[in-house]
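In what follows, a single structure is set out as C-alpha cells and then discussed.
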Amino acid sequence: MGVLDSGIANITELRQWVFDRYTSYPETSIDRSHGTFVAGIACFGDILQDKPYTGVSGCKLFDATVFPNPRAESILEADLINNINEVIDRYGDRIKIWNLSLGSKQSTEEKEFSHFGIALDNIQDAKKVLIIKSAGNCNNYINGLEASRISRGADSVRAITVGSVAQSTSNGDLAEENHVSPFSRVGPGPSFIIKPDLVHYGGNCGVNNGRVTDNGVNSFRIDGTVYKKVGTSFSTPRVSAIAAGLQKQIIEDFDPLLIKALLIHSSQYPDNINLPIEEKLKKLGFGIPKNVGEIIFNDEYEATLILRHSLTKGEFIEILDFPFPQSLVDNDGYYYGQIIATVVNSPILSESQGAEYCQSNIELKLGTYDKKKIRDTSKRNIKNPIGRDGGGNILTADVFSKKKEYSGTKFGQTEKILTRYGDKFYPHKKYAIDLSELKPGNKEKYIKAPKGWYIKVSGLYRSFIEKKAQFDNTDLSQEFCIIITVRDHLRKNPIYNEVEKMLDANNFIHRNIRITQDIRVILDNQRQ
C-alpha cells in the first residue's frame, strides 16, 4: 500500500513494514506525526483496537511524503495534486492501492465536481490504481450544526471515499456506538452520487462547556508510543488495509473494479442504525465492509457469482438461465431467500459537462419469467432468437411492501432495500432484497415456482458523449463488475454446490477466482 501523507517515522514498530520511501520535501519541512498514525492503523489497527476490523496483521507500506509540516511550509491544493501525480506516475506500475488521508478543508459543490476530485480520477485512470480517500472532517458539531458535505477530492468517482463511525461511546460523546462520528463529513457528492462509499471506525467526540473531548482510536506517535486521535484520516486506512489484503489473497492481475465491488458488496449497516435509507446513504454510504477473511469466504448456504466484463454501446448481456437454486422453494410453492447485488462500473467521464461529469451508466435487471419464446430475428434490433415471457425485474422498490421495509429481521435492519436508483448515473449501486417482502399480489407474478430466472445488463449514455463519439468516429464502451449473492437465510439448503451444478448443466463458461477460498465467476454467456 502506498501511503500518501506527511511521512512515516522510522520507529521499531513500523520499520520492517516500510519497504521504500519517496519525499517531495526536505527533512526540515516534514512532520511525520499524521502519516505515522495512519501507517500504524494500516498495519496494526486490529491489534491496537483488539478487534478483527480488517483481518490484516501487517501490511507492506510505501512511504510517500506529499504533504509538508504546515508550520514550516504552506501547500496549495494544486501543489498537493502535483505531488500525488508525480509519485504515482513513478511508482504506480508496482503499487496499486494508495491511501490518501489528506485533502481540502473546502466542501464539494452540489452540481460541480471539484478540480481535485477530477485530478484524482485522471491519475487513477492513467496508472490503473485505486485510491482510498478520506471523506474529510468538520467542526460543525461544536455549534450543534449538521456536518458539512464531503471535502474537495473526496468526490473522486474512481476512488473509494471513507467516512467515520464511532467505535465506542464514553461519557459526553455525541455519537452512539456504530453511528456516524460527529466530525465526519457526509454526502451526497455532486449530482447526488453516493459518497462516502463506505465508513469505518475513526473515533467519537463530545463538547463539554465549550471544550471538545475526544474518544479516539489507537495508533503510534513518532516515538513509537501509543496514543489516541480522531478523524476520517484514521478510518480510511482500515479500508485501505482490507483492499490490500484482498489483493494479496487474489492471485490475479490487479483489478480496481473487482476490489471496489468486493468492498461494497460485503458492506453492512450496523444493527442499531434505524434511519431511512436516504439518511444511511448520506451518512454511511453502503456501510462498514467486512474483513478480508469474511469477504472471500463462501458459506455453504450462499453462492456468490461475479460477472466482470465490458459493454460497447448498442450491446447488452442477457442470461436466461441464471442459476437461482431450485431448492429455495417453500411449502407454498414460492421462491424464498435473500439476494444482494452490487454494480460497479467505470463510467466515461467528461470534465466539461459539470453536473453530468459521469457520461455513462450500467443498468442491472434481475428477475423471473414464465417461459422462453422464439423471436423473429428478421425484425430490426432483434438478434437473439430466444426471448422470455412473463415475470419481470424485481430490483425495483415498487414490487416490495413498504410496511416491511423496516422489518425485524437482521437482514432488514442491516441491508435494507437499495432499489431507488432509477436512471441515475451512479458508478456504484447496491441492491439488497428479501423475497419474503414482496407485496402479496406480486408473489404470484414474480416468485411462483417453477419460473425461470434471468439477469440483463445494459448500458446508457448521455447525448453529449454519443454525439462526440459520432463526430470522432469512435466506439463507446464501459467496463463493469457485478457481484450477486443468493443466500438461504433459513440455512435449510446448502446451495453453494447446487449453483455450481446449475452452471455446469447450462454450459456456463466459469471458473474460480484464484484465491485461498472459492468465489464463482461468470466469464461470459449470451452476448448480444
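By convention in this document, the chains of the C-alpha cells carry letters A, B, ... by their order, each chain's residues are numbered from 1, and ligands are numbered from 1 in the order they are shown.
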**Asked** So which residues of segment 107-285 of chain A fall under alpha helix (DSSP H) by DSSP, listed as a VMD selection string?
**Response** chain A and resid 115 to 127 232 to 249 256 to 266 277 to 284
**Request:** Step one, run DSSP on the backbone; step two, keep only residues of segment 277-381 of chain A assigned to strand (DSSP E or B); then write them as an NGL selection string.
**Result:** :A and (288 or 302-312 or 316-319 or 329 or 334-335 or 338-345 or 349 or 358 or 360-369 or 371-374)
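Among the candidate residues A:Ser104, A:Ser57, A:Thr169, A:Asn298, the one lying nearest to Glu77 of chain A is A:Ser104, with distances computed using only C-alpha atoms.
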**Prompt:** How far is it from atom CA of Ile242 of chain A to atom CA of Gly206 of chain A, in Å with one decimal?
**Reply:**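 Computing it gives 29.1 Å between the two atoms.
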**Prompt:** Neighbours of Leu311 of chain A within 10 Å (only C-alpha atoms; same-chain residues fewer than 5 positions away dropped), as JSON, numbers by chain?
**Reply:** {"A": [316, 317, 362, 457, 458, 459, 476, 477, 478, 479, 480, 527, 528]}
Selection export as an mmCIF file, in the first residue's frame, atoms kept: N, CA, C and O atoms:
```cif
data_model
loop_
_atom_site.group_PDB
_atom_site.id
_atom_site.type_symbol
_atom_site.label_atom_id
_atom_site.label_comp_id
_atom_site.auth_asym_id
_atom_site.auth_seq_id
_atom_site.Cartn_x
_atom_site.Cartn_y
_atom_site.Cartn_z
ATOM 1 N N PHE A 316 -25.879 -5.576 -25.155
ATOM 2 C CA PHE A 316 -26.325 -5.891 -23.807
ATOM 3 C C PHE A 316 -26.058 -7.364 -23.561
ATOM 4 O O PHE A 316 -25.794 -8.129 -24.500
ATOM 5 N N ILE A 317 -26.080 -7.740 -22.315
ATOM 6 C CA ILE A 317 -25.891 -9.137 -21.930
ATOM 7 C C ILE A 317 -27.158 -9.606 -21.245
ATOM 8 O O ILE A 317 -27.631 -8.960 -20.305
ATOM 9 N N ILE A 362 -24.416 1.856 -16.111
ATOM 10 C CA ILE A 362 -24.735 0.438 -16.297
ATOM 11 C C ILE A 362 -26.009 0.134 -15.524
ATOM 12 O O ILE A 362 -26.128 0.485 -14.347
ATOM 13 N N VAL A 457 -27.941 -6.969 -18.432
ATOM 14 C CA VAL A 457 -27.014 -5.862 -18.197
ATOM 15 C C VAL A 457 -26.983 -5.004 -19.454
ATOM 16 O O VAL A 457 -26.724 -5.511 -20.550
ATOM 17 N N SER A 458 -27.257 -3.730 -19.298
ATOM 18 C CA SER A 458 -27.255 -2.833 -20.446
ATOM 19 C C SER A 458 -26.598 -1.516 -20.074
ATOM 20 O O SER A 458 -26.468 -1.171 -18.898
ATOM 21 N N GLY A 459 -26.179 -0.780 -21.100
ATOM 22 C CA GLY A 459 -25.511 0.497 -20.896
ATOM 23 C C GLY A 459 -26.376 1.664 -21.315
ATOM 24 O O GLY A 459 -27.267 1.533 -22.156
ATOM 25 N N LEU A 476 -18.170 3.697 -28.143
ATOM 26 C CA LEU A 476 -18.309 3.922 -26.712
ATOM 27 C C LEU A 476 -18.402 2.580 -25.994
ATOM 28 O O LEU A 476 -19.133 1.687 -26.424
ATOM 29 N N SER A 477 -17.661 2.452 -24.902
ATOM 30 C CA SER A 477 -17.747 1.230 -24.108
ATOM 31 C C SER A 477 -17.416 1.568 -22.663
ATOM 32 O O SER A 477 -16.812 2.602 -22.374
ATOM 33 N N GLN A 478 -17.813 0.688 -21.768
ATOM 34 C CA GLN A 478 -17.514 0.876 -20.347
ATOM 35 C C GLN A 478 -17.357 -0.490 -19.686
ATOM 36 O O GLN A 478 -18.059 -1.449 -20.017
ATOM 37 N N GLU A 479 -16.394 -0.556 -18.766
ATOM 38 C CA GLU A 479 -16.173 -1.786 -18.018
ATOM 39 C C GLU A 479 -17.050 -1.802 -16.779
ATOM 40 O O GLU A 479 -17.416 -0.754 -16.238
ATOM 41 N N PHE A 480 -17.366 -3.007 -16.322
ATOM 42 C CA PHE A 480 -18.203 -3.130 -15.134
ATOM 43 C C PHE A 480 -17.872 -4.420 -14.408
ATOM 44 O O PHE A 480 -17.300 -5.361 -14.963
ATOM 45 N N ARG A 527 -24.293 -13.072 -25.322
ATOM 46 C CA ARG A 527 -23.863 -11.680 -25.520
ATOM 47 C C ARG A 527 -24.499 -11.177 -26.804
ATOM 48 O O ARG A 527 -24.435 -11.852 -27.821
ATOM 49 N N GLN A 528 -25.085 -9.980 -26.750
ATOM 50 C CA GLN A 528 -25.838 -9.503 -27.906
ATOM 51 C C GLN A 528 -25.369 -8.118 -28.331
ATOM 52 O O GLN A 528 -24.984 -7.329 -27.517
#
```
Would you tabulate, counting only C-alpha atoms, all residues of segment 158-276 of chain A that have an atom at most 6 Å from an atom of segment 40-46 of chain A, showing the closest pair of atoms and their distance in Å to one decimal, sorted by chain then ascending number, as JSON lines?
```
{"residue": "A:Ser219", "atom": "CA", "partner": "A:Gly40", "partner_atom": "CA", "distance": 5.3}
{"residue": "A:Phe220", "atom": "CA", "partner": "A:Gly40", "partner_atom": "CA", "distance": 5.9}
{"residue": "A:Pro237", "atom": "CA", "partner": "A:Ala42", "partner_atom": "CA", "distance": 5.0}
{"residue": "A:Arg238", "atom": "CA", "partner": "A:Ala42", "partner_atom": "CA", "distance": 5.8}
{"residue": "A:Ala241", "atom": "CA", "partner": "A:Ala42", "partner_atom": "CA", "distance": 5.4}
```
Preceding selection exported with all heavy atoms as a tab-separated table (two decimals), in the first residue's frame:
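Printed below is result.tsv as written:
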```
chain	number	residue	atom	x	y	z
A	219	SER	N	-3.13	4.43	17.78
A	219	SER	CA	-2.02	4.20	16.86
A	219	SER	C	-0.75	4.81	17.48
A	219	SER	O	-0.72	5.10	18.68
A	219	SER	CB	-2.29	4.79	15.49
A	219	SER	OG	-1.32	4.33	14.56
A	220	PHE	N	0.29	5.03	16.64
A	220	PHE	CA	1.61	5.37	17.15
A	220	PHE	C	1.96	6.85	17.02
A	220	PHE	O	1.64	7.49	16.02
A	220	PHE	CB	2.69	4.57	16.40
A	220	PHE	CG	2.55	3.09	16.50
A	220	PHE	CD1	2.35	2.33	15.36
A	220	PHE	CD2	2.60	2.45	17.73
A	220	PHE	CE1	2.23	0.96	15.43
A	220	PHE	CE2	2.48	1.08	17.82
A	220	PHE	CZ	2.28	0.32	16.67
A	237	PRO	N	-7.50	4.26	6.49
A	237	PRO	CA	-6.52	3.18	6.32
A	237	PRO	C	-7.04	1.79	6.69
A	237	PRO	O	-6.46	0.79	6.28
A	237	PRO	CB	-5.36	3.60	7.23
A	237	PRO	CG	-5.94	4.58	8.19
A	237	PRO	CD	-7.01	5.29	7.44
A	238	ARG	N	-8.13	1.72	7.44
A	238	ARG	CA	-8.72	0.40	7.70
A	238	ARG	C	-9.27	-0.18	6.40
A	238	ARG	O	-9.07	-1.36	6.09
A	238	ARG	CB	-9.82	0.50	8.76
A	238	ARG	CG	-9.35	1.03	10.09
A	238	ARG	CD	-10.40	0.86	11.18
A	238	ARG	NE	-10.13	1.76	12.30
A	238	ARG	CZ	-9.25	1.50	13.27
A	238	ARG	NH1	-8.56	0.39	13.24
A	238	ARG	NH2	-9.07	2.38	14.25
A	241	ALA	N	-6.41	-1.13	4.16
A	241	ALA	CA	-5.81	-2.40	4.57
A	241	ALA	C	-6.63	-3.59	4.07
A	241	ALA	O	-6.08	-4.60	3.64
A	241	ALA	CB	-5.69	-2.45	6.09
```
